[in-house]
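Text of start.cif (mmCIF, C-alpha atoms) as supplied:
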```
data_entry
#
loop_
_atom_site.group_PDB
_atom_site.id
_atom_site.type_symbol
_atom_site.label_atom_id
_atom_site.label_comp_id
_atom_site.auth_asym_id
_atom_site.auth_seq_id
_atom_site.Cartn_x
_atom_site.Cartn_y
_atom_site.Cartn_z
ATOM 1 C CA MET A 1 78.244 225.499 142.705
ATOM 2 C CA THR A 2 79.931 223.749 145.622
ATOM 3 C CA ASP A 3 82.899 221.428 146.095
ATOM 4 C CA THR A 4 84.036 219.930 149.391
ATOM 5 C CA ILE A 5 87.562 218.743 150.147
ATOM 6 C CA ALA A 6 88.733 217.040 153.339
ATOM 7 C CA LEU A 7 91.943 218.443 154.823
ATOM 8 C CA GLY A 8 92.612 216.156 157.751
ATOM 9 C CA SER A 9 89.835 216.998 160.213
ATOM 10 C CA VAL A 10 88.994 220.233 158.379
ATOM 11 C CA ALA A 11 86.309 220.266 155.676
ATOM 12 C CA ALA A 12 86.506 222.980 153.014
ATOM 13 C CA THR A 13 83.473 223.752 150.843
ATOM 14 C CA ARG A 14 83.517 226.186 147.938
ATOM 15 C CA VAL A 15 80.514 228.443 147.340
ATOM 16 C CA VAL A 16 80.689 230.422 144.098
ATOM 17 C CA GLU A 17 79.049 233.847 143.896
ATOM 18 C CA TYR A 18 80.042 234.938 140.401
ATOM 19 C CA GLU A 19 81.763 233.580 137.282
ATOM 20 C CA GLY A 20 82.583 235.342 134.048
ATOM 21 C CA THR A 21 85.218 237.014 131.923
ATOM 22 C CA THR A 22 87.475 239.853 132.969
ATOM 23 C CA ARG A 23 90.380 241.687 131.315
ATOM 24 C CA PRO A 24 92.662 240.519 128.499
ATOM 25 C CA PRO A 25 95.974 239.083 129.743
ATOM 26 C CA GLU A 26 98.039 242.174 128.935
ATOM 27 C CA ALA A 27 95.635 244.394 130.912
ATOM 28 C CA MET A 28 95.482 242.069 133.899
ATOM 29 C CA PHE A 29 99.269 241.753 134.039
ATOM 30 C CA PRO A 30 101.069 244.984 133.114
ATOM 31 C CA GLY A 31 104.337 244.217 131.385
ATOM 32 C CA LEU A 32 103.237 240.790 130.138
ATOM 33 C CA ALA A 33 105.018 240.113 126.844
ATOM 34 C CA GLN A 34 102.995 238.549 124.037
ATOM 35 C CA ASP A 35 105.699 235.922 123.604
ATOM 36 C CA THR A 36 105.313 234.926 127.257
ATOM 37 C CA TRP A 37 101.541 234.593 126.929
ATOM 38 C CA ARG A 38 101.838 232.573 123.715
ATOM 39 C CA ALA A 39 104.361 230.253 125.367
ATOM 40 C CA HIS A 40 101.843 229.315 128.060
ATOM 41 C CA GLU A 41 98.363 229.720 126.571
ATOM 42 C CA SER A 42 98.025 226.191 125.178
ATOM 43 C CA GLY A 43 98.910 224.661 128.546
ATOM 44 C CA LEU A 44 96.460 226.687 130.629
ATOM 45 C CA PRO A 45 93.215 225.098 131.868
ATOM 46 C CA PRO A 46 90.519 225.461 129.194
ATOM 47 C CA ASP A 47 88.181 227.409 131.486
ATOM 48 C CA SER A 48 90.843 229.896 132.597
ATOM 49 C CA TRP A 49 90.486 232.068 129.492
ATOM 50 C CA ASP A 50 87.995 232.567 126.691
ATOM 51 C CA ARG A 51 89.590 231.777 123.381
ATOM 52 C CA GLU A 52 86.978 233.624 121.291
ATOM 53 C CA SER A 53 87.127 236.950 123.105
ATOM 54 C CA GLY A 54 90.713 236.631 124.339
ATOM 55 C CA LEU A 55 89.570 237.571 127.845
ATOM 56 C CA LEU A 56 90.676 235.838 131.005
ATOM 57 C CA ARG A 57 88.024 234.054 133.029
ATOM 58 C CA THR A 58 87.537 234.661 136.722
ATOM 59 C CA CYS A 59 85.248 233.805 139.609
ATOM 60 C CA VAL A 60 84.338 235.212 143.012
ATOM 61 C CA GLN A 61 83.917 232.604 145.715
ATOM 62 C CA THR A 62 83.782 231.945 149.428
ATOM 63 C CA TRP A 63 85.316 229.017 151.238
ATOM 64 C CA VAL A 64 83.396 227.497 154.133
ATOM 65 C CA LEU A 65 85.709 225.732 156.559
ATOM 66 C CA ARG A 66 84.469 223.478 159.332
ATOM 67 C CA SER A 67 87.112 222.944 161.967
ATOM 68 C CA GLY A 68 86.854 221.876 165.599
ATOM 69 C CA GLY A 69 83.101 222.403 165.644
ATOM 70 C CA ALA A 70 83.371 225.967 164.289
ATOM 71 C CA THR A 71 82.215 227.351 160.938
ATOM 72 C CA ILE A 72 84.609 229.767 159.252
ATOM 73 C CA LEU A 73 84.080 231.757 156.053
ATOM 74 C CA VAL A 74 87.143 232.725 154.024
ATOM 75 C CA ASP A 75 86.255 235.919 152.115
ATOM 76 C CA THR A 76 82.675 237.015 151.523
ATOM 77 C CA GLY A 77 82.527 237.981 147.862
ATOM 78 C CA ALA A 78 81.086 241.127 146.320
ATOM 79 C CA GLY A 79 77.748 241.330 148.121
ATOM 80 C CA ASP A 80 74.318 242.443 146.977
ATOM 81 C CA GLY A 81 73.023 245.952 146.519
ATOM 82 C CA LYS A 82 76.392 247.648 146.955
ATOM 83 C CA GLU A 83 77.188 250.959 145.263
ATOM 84 C CA ARG A 84 80.362 250.287 143.266
ATOM 85 C CA PRO A 85 80.650 253.106 140.721
ATOM 86 C CA GLY A 86 84.323 252.349 140.085
ATOM 87 C CA THR A 87 83.786 248.610 139.567
ATOM 88 C CA PRO A 88 80.733 248.006 137.343
ATOM 89 C CA ALA A 89 81.034 244.213 137.596
ATOM 90 C CA PHE A 90 80.221 244.429 141.310
ATOM 91 C CA HIS A 91 77.708 247.281 141.186
ATOM 92 C CA GLN A 92 74.212 246.598 142.565
ATOM 93 C CA LEU A 93 74.431 242.826 142.276
ATOM 94 C CA HIS A 94 71.677 240.388 143.185
ATOM 95 C CA THR A 95 73.359 236.988 143.085
ATOM 96 C CA GLY A 96 71.394 234.708 145.408
ATOM 97 C CA PHE A 97 74.609 234.009 147.302
ATOM 98 C CA LEU A 98 72.942 233.435 150.668
ATOM 99 C CA ASP A 99 70.751 230.753 149.080
ATOM 100 C CA ARG A 100 73.876 229.033 147.792
ATOM 101 C CA LEU A 101 75.429 229.315 151.227
ATOM 102 C CA ALA A 102 72.302 227.706 152.684
ATOM 103 C CA ALA A 103 72.568 224.921 150.104
ATOM 104 C CA ALA A 104 76.062 224.283 151.499
ATOM 105 C CA GLY A 105 74.499 223.889 154.950
ATOM 106 C CA VAL A 106 75.298 227.335 156.362
ATOM 107 C CA VAL A 107 72.884 229.916 157.724
ATOM 108 C CA PRO A 108 74.270 233.295 158.821
ATOM 109 C CA GLU A 109 73.595 232.778 162.525
ATOM 110 C CA GLU A 110 75.794 229.660 162.585
ATOM 111 C CA VAL A 111 78.981 231.326 161.319
ATOM 112 C CA ASP A 112 81.639 231.639 164.050
ATOM 113 C CA PHE A 113 84.442 233.439 162.162
ATOM 114 C CA VAL A 114 84.700 235.500 158.998
ATOM 115 C CA VAL A 115 88.163 235.853 157.481
ATOM 116 C CA ASN A 116 88.831 238.679 155.038
ATOM 117 C CA THR A 117 92.140 237.934 153.338
ATOM 118 C CA HIS A 118 92.234 241.629 152.404
ATOM 119 C CA LEU A 119 89.728 244.458 152.129
ATOM 120 C CA HIS A 120 89.012 244.718 148.409
ATOM 121 C CA ALA A 121 85.394 244.967 147.275
ATOM 122 C CA ASP A 122 85.107 241.355 146.116
ATOM 123 C CA HIS A 123 86.374 239.902 149.403
ATOM 124 C CA VAL A 124 84.248 241.764 151.962
ATOM 125 C CA GLY A 125 80.893 242.363 150.256
ATOM 126 C CA TRP A 126 78.793 239.924 152.250
ATOM 127 C CA ASN A 127 80.291 241.128 155.522
ATOM 128 C CA THR A 128 77.114 243.199 155.653
ATOM 129 C CA ARG A 129 73.629 243.352 154.198
ATOM 130 C CA LEU A 130 71.056 246.116 154.088
ATOM 131 C CA ASP A 131 68.592 246.068 156.985
ATOM 132 C CA ASN A 132 66.020 248.878 157.256
ATOM 133 C CA GLY A 133 68.255 251.208 155.322
ATOM 134 C CA GLU A 134 71.440 250.434 157.301
ATOM 135 C CA TRP A 135 74.363 248.135 156.569
ATOM 136 C CA ARG A 136 74.528 245.563 159.361
ATOM 137 C CA PRO A 137 76.708 242.456 159.836
ATOM 138 C CA THR A 138 75.347 239.554 157.803
ATOM 139 C CA PHE A 139 76.729 237.057 160.324
ATOM 140 C CA PRO A 140 75.466 238.308 163.699
ATOM 141 C CA ASN A 141 77.354 235.831 165.887
ATOM 142 C CA ALA A 142 80.668 235.836 164.024
ATOM 143 C CA THR A 143 84.012 237.338 164.881
ATOM 144 C CA TYR A 144 85.320 239.148 161.810
ATOM 145 C CA LEU A 145 89.097 238.747 161.467
ATOM 146 C CA LEU A 146 90.478 241.769 159.624
ATOM 147 C CA PRO A 147 94.162 242.530 158.985
ATOM 148 C CA ARG A 148 94.883 245.770 160.811
ATOM 149 C CA ALA A 149 97.259 246.953 158.098
ATOM 150 C CA ASP A 150 94.453 246.850 155.531
ATOM 151 C CA HIS A 151 91.939 248.413 157.910
ATOM 152 C CA ASP A 152 94.235 251.371 158.435
ATOM 153 C CA PHE A 153 95.208 251.570 154.750
ATOM 154 C CA TRP A 154 91.623 251.692 153.444
ATOM 155 C CA ASP A 155 90.169 253.875 156.193
ATOM 156 C CA PRO A 156 89.262 257.050 154.266
ATOM 157 C CA SER A 157 89.858 259.155 157.367
ATOM 158 C CA GLY A 158 93.514 258.080 157.402
ATOM 159 C CA PRO A 159 96.515 259.442 155.506
ATOM 160 C CA HIS A 160 96.821 256.731 152.840
ATOM 161 C CA ARG A 161 95.979 257.240 149.177
ATOM 162 C CA PRO A 162 95.563 253.798 147.590
ATOM 163 C CA LYS A 163 96.092 253.283 143.876
ATOM 164 C CA LEU A 164 92.755 251.493 143.705
ATOM 165 C CA ALA A 165 90.799 254.057 145.723
ATOM 166 C CA ARG A 166 88.238 254.499 142.926
ATOM 167 C CA ALA A 167 87.715 250.758 142.462
ATOM 168 C CA ASN A 168 87.222 250.341 146.208
ATOM 169 C CA GLU A 169 84.965 253.367 146.645
ATOM 170 C CA ASN A 170 82.329 252.943 149.415
ATOM 171 C CA VAL A 171 83.739 249.561 150.476
ATOM 172 C CA PHE A 172 85.080 250.669 153.849
ATOM 173 C CA ALA A 173 81.870 252.511 154.712
ATOM 174 C CA ASP A 174 79.397 249.768 153.809
ATOM 175 C CA SER A 175 81.347 246.539 154.379
ATOM 176 C CA VAL A 176 84.107 247.207 156.923
ATOM 177 C CA ALA A 177 83.102 250.015 159.288
ATOM 178 C CA PRO A 178 79.755 248.393 160.250
ATOM 179 C CA VAL A 179 81.421 245.239 161.608
ATOM 180 C CA VAL A 180 83.963 247.338 163.490
ATOM 181 C CA HIS A 181 81.250 249.530 164.992
ATOM 182 C CA SER A 182 79.227 246.454 165.985
ATOM 183 C CA GLY A 183 82.143 245.231 168.110
ATOM 184 C CA GLN A 184 82.461 242.036 166.079
ATOM 185 C CA ALA A 185 85.792 242.832 164.403
ATOM 186 C CA ARG A 186 89.192 241.671 165.598
ATOM 187 C CA LEU A 187 92.029 243.616 164.006
ATOM 188 C CA TRP A 188 95.073 241.366 164.004
ATOM 189 C CA GLU A 189 98.766 241.928 163.284
ATOM 190 C CA ASP A 190 101.752 239.622 162.610
ATOM 191 C CA GLY A 191 99.643 236.440 162.707
ATOM 192 C CA CYS A 192 96.415 235.066 164.128
ATOM 193 C CA ASP A 193 95.579 231.529 165.272
ATOM 194 C CA ILE A 194 91.934 230.593 164.796
ATOM 195 C CA ASP A 195 92.416 227.122 166.262
ATOM 196 C CA GLY A 196 95.100 224.447 166.312
ATOM 197 C CA ALA A 197 94.699 223.784 162.571
ATOM 198 C CA LEU A 198 94.051 227.234 161.118
ATOM 199 C CA ARG A 199 96.369 230.240 161.167
ATOM 200 C CA LEU A 200 96.393 233.588 159.370
ATOM 201 C CA GLU A 201 99.762 234.885 158.214
ATOM 202 C CA PRO A 202 100.705 238.176 156.502
ATOM 203 C CA ALA A 203 101.246 238.109 152.731
ATOM 204 C CA PRO A 204 101.739 241.793 151.850
ATOM 205 C CA GLY A 205 102.050 243.324 148.421
ATOM 206 C CA HIS A 206 98.654 242.980 146.779
ATOM 207 C CA THR A 207 97.531 245.227 149.605
ATOM 208 C CA PRO A 208 99.538 246.125 152.733
ATOM 209 C CA GLY A 209 97.486 243.756 154.867
ATOM 210 C CA SER A 210 96.916 240.882 152.451
ATOM 211 C CA CYS A 211 97.125 237.532 154.202
ATOM 212 C CA VAL A 212 96.876 233.794 153.648
ATOM 213 C CA LEU A 213 95.153 231.135 155.718
ATOM 214 C CA THR A 214 97.266 228.066 156.431
ATOM 215 C CA VAL A 215 95.792 224.679 157.306
ATOM 216 C CA ARG A 216 97.771 222.003 159.104
ATOM 217 C CA SER A 217 95.656 219.015 160.098
ATOM 218 C CA GLY A 218 97.103 215.530 160.432
ATOM 219 C CA THR A 219 99.373 215.054 157.441
ATOM 220 C CA ASP A 220 97.405 217.467 155.250
ATOM 221 C CA ARG A 221 98.565 220.968 154.425
ATOM 222 C CA ALA A 222 96.729 223.738 152.574
ATOM 223 C CA LEU A 223 97.118 227.401 151.758
ATOM 224 C CA PHE A 224 94.127 229.652 151.041
ATOM 225 C CA VAL A 225 95.948 232.389 149.187
ATOM 226 C CA GLY A 226 93.344 235.090 148.538
ATOM 227 C CA ASP A 227 94.693 237.344 145.783
ATOM 228 C CA LEU A 228 98.263 236.135 146.043
ATOM 229 C CA LEU A 229 97.505 235.114 142.471
ATOM 230 C CA HIS A 230 94.628 235.821 140.088
ATOM 231 C CA HIS A 231 95.234 233.328 137.286
ATOM 232 C CA PRO A 232 97.017 230.000 136.633
ATOM 233 C CA LEU A 233 99.521 231.876 134.459
ATOM 234 C CA GLN A 234 101.126 233.118 137.679
ATOM 235 C CA PHE A 235 102.248 229.641 138.675
ATOM 236 C CA ALA A 236 104.442 229.502 135.585
ATOM 237 C CA GLU A 237 105.289 233.229 135.805
ATOM 238 C CA PRO A 238 105.272 234.127 139.528
ATOM 239 C CA GLY A 239 106.971 237.443 138.818
ATOM 240 C CA LEU A 240 103.790 238.743 137.156
ATOM 241 C CA SER A 241 101.671 240.876 139.474
ATOM 242 C CA SER A 242 98.150 241.959 138.626
ATOM 243 C CA CYS A 243 96.943 245.456 137.852
ATOM 244 C CA PHE A 244 95.177 245.354 141.239
ATOM 245 C CA CYS A 245 98.365 245.161 143.295
ATOM 246 C CA GLU A 246 99.302 248.197 145.384
ATOM 247 C CA ASP A 247 102.966 247.115 145.478
ATOM 248 C CA PRO A 248 103.646 244.812 142.497
ATOM 249 C CA ALA A 249 107.277 244.050 143.379
ATOM 250 C CA ARG A 250 106.453 243.126 146.947
ATOM 251 C CA ALA A 251 103.477 241.069 145.762
ATOM 252 C CA ALA A 252 105.765 239.099 143.425
ATOM 253 C CA ALA A 253 108.289 238.418 146.193
ATOM 254 C CA THR A 254 105.541 237.281 148.566
ATOM 255 C CA ARG A 255 103.983 235.075 145.899
ATOM 256 C CA HIS A 256 107.280 233.379 145.106
ATOM 257 C CA ARG A 257 107.982 232.750 148.797
ATOM 258 C CA LEU A 258 104.565 231.297 149.605
ATOM 259 C CA LEU A 259 104.240 229.212 146.439
ATOM 260 C CA GLY A 260 107.665 227.793 147.246
ATOM 261 C CA GLN A 261 106.420 226.956 150.723
ATOM 262 C CA ALA A 262 103.340 225.260 149.247
ATOM 263 C CA ALA A 263 105.436 223.222 146.812
ATOM 264 C CA ASP A 264 107.899 222.135 149.506
ATOM 265 C CA ASP A 265 105.135 221.220 151.980
ATOM 266 C CA ARG A 266 102.963 219.599 149.285
ATOM 267 C CA ALA A 267 100.228 221.933 150.459
ATOM 268 C CA LEU A 268 97.126 222.327 148.333
ATOM 269 C CA VAL A 269 96.731 225.876 147.043
ATOM 270 C CA PHE A 270 93.233 227.399 147.084
ATOM 271 C CA PRO A 271 93.145 230.578 144.951
ATOM 272 C CA ALA A 272 90.348 233.113 145.352
ATOM 273 C CA HIS A 273 89.563 233.743 141.685
ATOM 274 C CA VAL A 274 90.569 230.615 139.782
ATOM 275 C CA GLY A 275 87.676 228.455 138.626
ATOM 276 C CA ALA A 276 89.702 225.718 136.932
ATOM 277 C CA GLY A 277 89.449 223.554 140.049
ATOM 278 C CA PRO A 278 88.832 224.080 143.736
ATOM 279 C CA ALA A 279 92.449 223.340 144.599
ATOM 280 C CA VAL A 280 95.793 222.762 142.947
ATOM 281 C CA GLU A 281 98.956 220.904 143.843
ATOM 282 C CA ILE A 282 102.116 222.552 142.511
ATOM 283 C CA VAL A 283 105.743 221.547 142.186
ATOM 284 C CA ARG A 284 108.902 223.570 141.660
ATOM 285 C CA ASP A 285 110.050 224.057 138.076
ATOM 286 C CA GLY A 286 113.416 225.721 138.441
ATOM 287 C CA ALA A 287 112.735 229.195 139.812
ATOM 288 C CA LYS A 288 109.082 228.876 138.798
ATOM 289 C CA PHE A 289 106.241 226.451 139.478
ATOM 290 C CA ALA A 290 104.194 223.917 137.565
ATOM 291 C CA VAL A 291 100.776 222.438 138.204
ATOM 292 C CA ASN A 292 100.934 218.819 139.284
ATOM 293 C CA ARG A 293 97.188 218.216 139.711
ATOM 294 C CA TRP A 294 93.970 220.240 139.534
ATOM 295 C CA GLY A 295 90.602 219.634 141.057
ATOM 296 C CA SER A 296 88.908 218.224 144.113
ATOM 297 C CA ASP A 297 91.100 215.117 143.898
ATOM 298 C CA ALA A 298 94.310 217.162 143.937
#
```
In structure tokens, how does this file's structure come out?
Amino acid sequence: MTDTIALGSVAATRVVEYEGTTRPPEAMFPGLAQDTWRAHESGLPPDSWDRESGLLRTCVQTWVLRSGGATILVDTGAGDGKERPGTPAFHQLHTGFLDRLAAAGVVPEEVDFVVNTHLHADHVGWNTRLDNGEWRPTFPNATYLLPRADHDFWDPSGPHRPKLARANENVFADSVAPVVHSGQARLWEDGCDIDGALRLEPAPGHTPGSCVLTVRSGTDRALFVGDLLHHPLQFAEPGLSSCFCEDPARAAATRHRLLGQAADDRALVFPAHVGAGPAVEIVRDGAKFAVNRWGSDA
């Protein structure tokens, strides 16, 4: 499935790797009160949760940006053939993702930059693919832009002990280290300009190095937010952090700040795991936020 949106001179195309159900709301968002969920459930997009099972719906997707003659991938999904014993949903997948990428007009050799908004399993999987028994960069001519804070945090040889170490088992070895060892990785700090329209900025909390990609082209503004939020419920309740956040309080503060920036700038928000529409325009609703428009015409 693909959608393309024009953002000034930048074209953004969505390529979906995976769609399905995930956890119930109270498991995804620790501390979520039933009254809070009931207050919002009828107003949520129909495809954001499964009413029969009570499970939230999710997707894993990559954004292909074309800017200034360059091709940029924002996050690379879960990948194929990866050993993920702590995350069964991503274990030994065979999704046909590269065929979908080709259908969007992208072959691996043509990719100039790969952006990983953070280094969780479902954002770095296609950084590499198996070649003669070794994990090698999928995109041989690309510069991989990795937040240094996440690189250092997830490096198993370092001192850190992440909460989600089990869920992210093997990820550094098979999807991060190979692009570093190939010389294709650029570890950035504080901010990183890709070109005059695209900039990476820190958004810590979900992980120490989580980031967002900002787009400023002509009068258009956009924010590719990675896992700043996992579900539309978090627009209405930005204080809710997911069970995947290393620092839930910091994640909530970062989310509130950046959603406020998006509302004030009328920037389209592109979430990583929301399938209700490829983009959303939000407005302030007191100290919270409300959806103004969903979809490719947002």
Residues picked by the PyMOL selection byres ((chain A and resi 224) around 8) here, as a ChimeraX atom specification?
/A:212-214,222-223,225-226,269-272
Got a sec: who's within 10 Å of His120 (chain A), counting only C-alpha atoms, leaving out chain neighbours fewer than 5 positions off, as a list in words?
Asp75, Gly77, Ala78, Gly125, Asp150, Trp154, Leu164, Ala165, Ala167, Asn168, Glu169, Val171, Phe172, Ser175, His206, Thr207, Ser210, Asp227 and Phe244 of chain A
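In this model, the gap between CA of Thr13 (chain A) and CA of Gly196 (chain A) comes to 19.4 Å.
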For CA of Asp35 (chain A) and CA of Glu246 (chain A), the interatomic separation in Å (one decimal):
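Separation between CA of Asp35 (chain A) and CA of Glu246 (chain A): 25.8 Å.
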Taking 3 positions as the minimum chain separation for residues in the same chain, which residues sit within 10 Å of Asp247 (chain A) when counting all atoms listed in the file? Answer as a PDB file with C-alpha atoms, keeping the file's coordinate frame.
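Resulting contents of out-v1.pdb:
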```
ATOM      1  CA  LYS A 163      96.092 253.283 143.876  1.00  0.00           C
ATOM      2  CA  PRO A 204     101.739 241.793 151.850  1.00  0.00           C
ATOM      3  CA  GLY A 205     102.050 243.324 148.421  1.00  0.00           C
ATOM      4  CA  HIS A 206      98.654 242.980 146.779  1.00  0.00           C
ATOM      5  CA  THR A 207      97.531 245.227 149.605  1.00  0.00           C
ATOM      6  CA  PRO A 208      99.538 246.125 152.733  1.00  0.00           C
ATOM      7  CA  SER A 241     101.671 240.876 139.474  1.00  0.00           C
ATOM      8  CA  SER A 242      98.150 241.959 138.626  1.00  0.00           C
ATOM      9  CA  CYS A 243      96.943 245.456 137.852  1.00  0.00           C
ATOM     10  CA  PHE A 244      95.177 245.354 141.239  1.00  0.00           C
ATOM     11  CA  ARG A 250     106.453 243.126 146.947  1.00  0.00           C
ATOM     12  CA  ALA A 251     103.477 241.069 145.762  1.00  0.00           C
ATOM     13  CA  ALA A 252     105.765 239.099 143.425  1.00  0.00           C
TER      14      ALA A 252
END
```
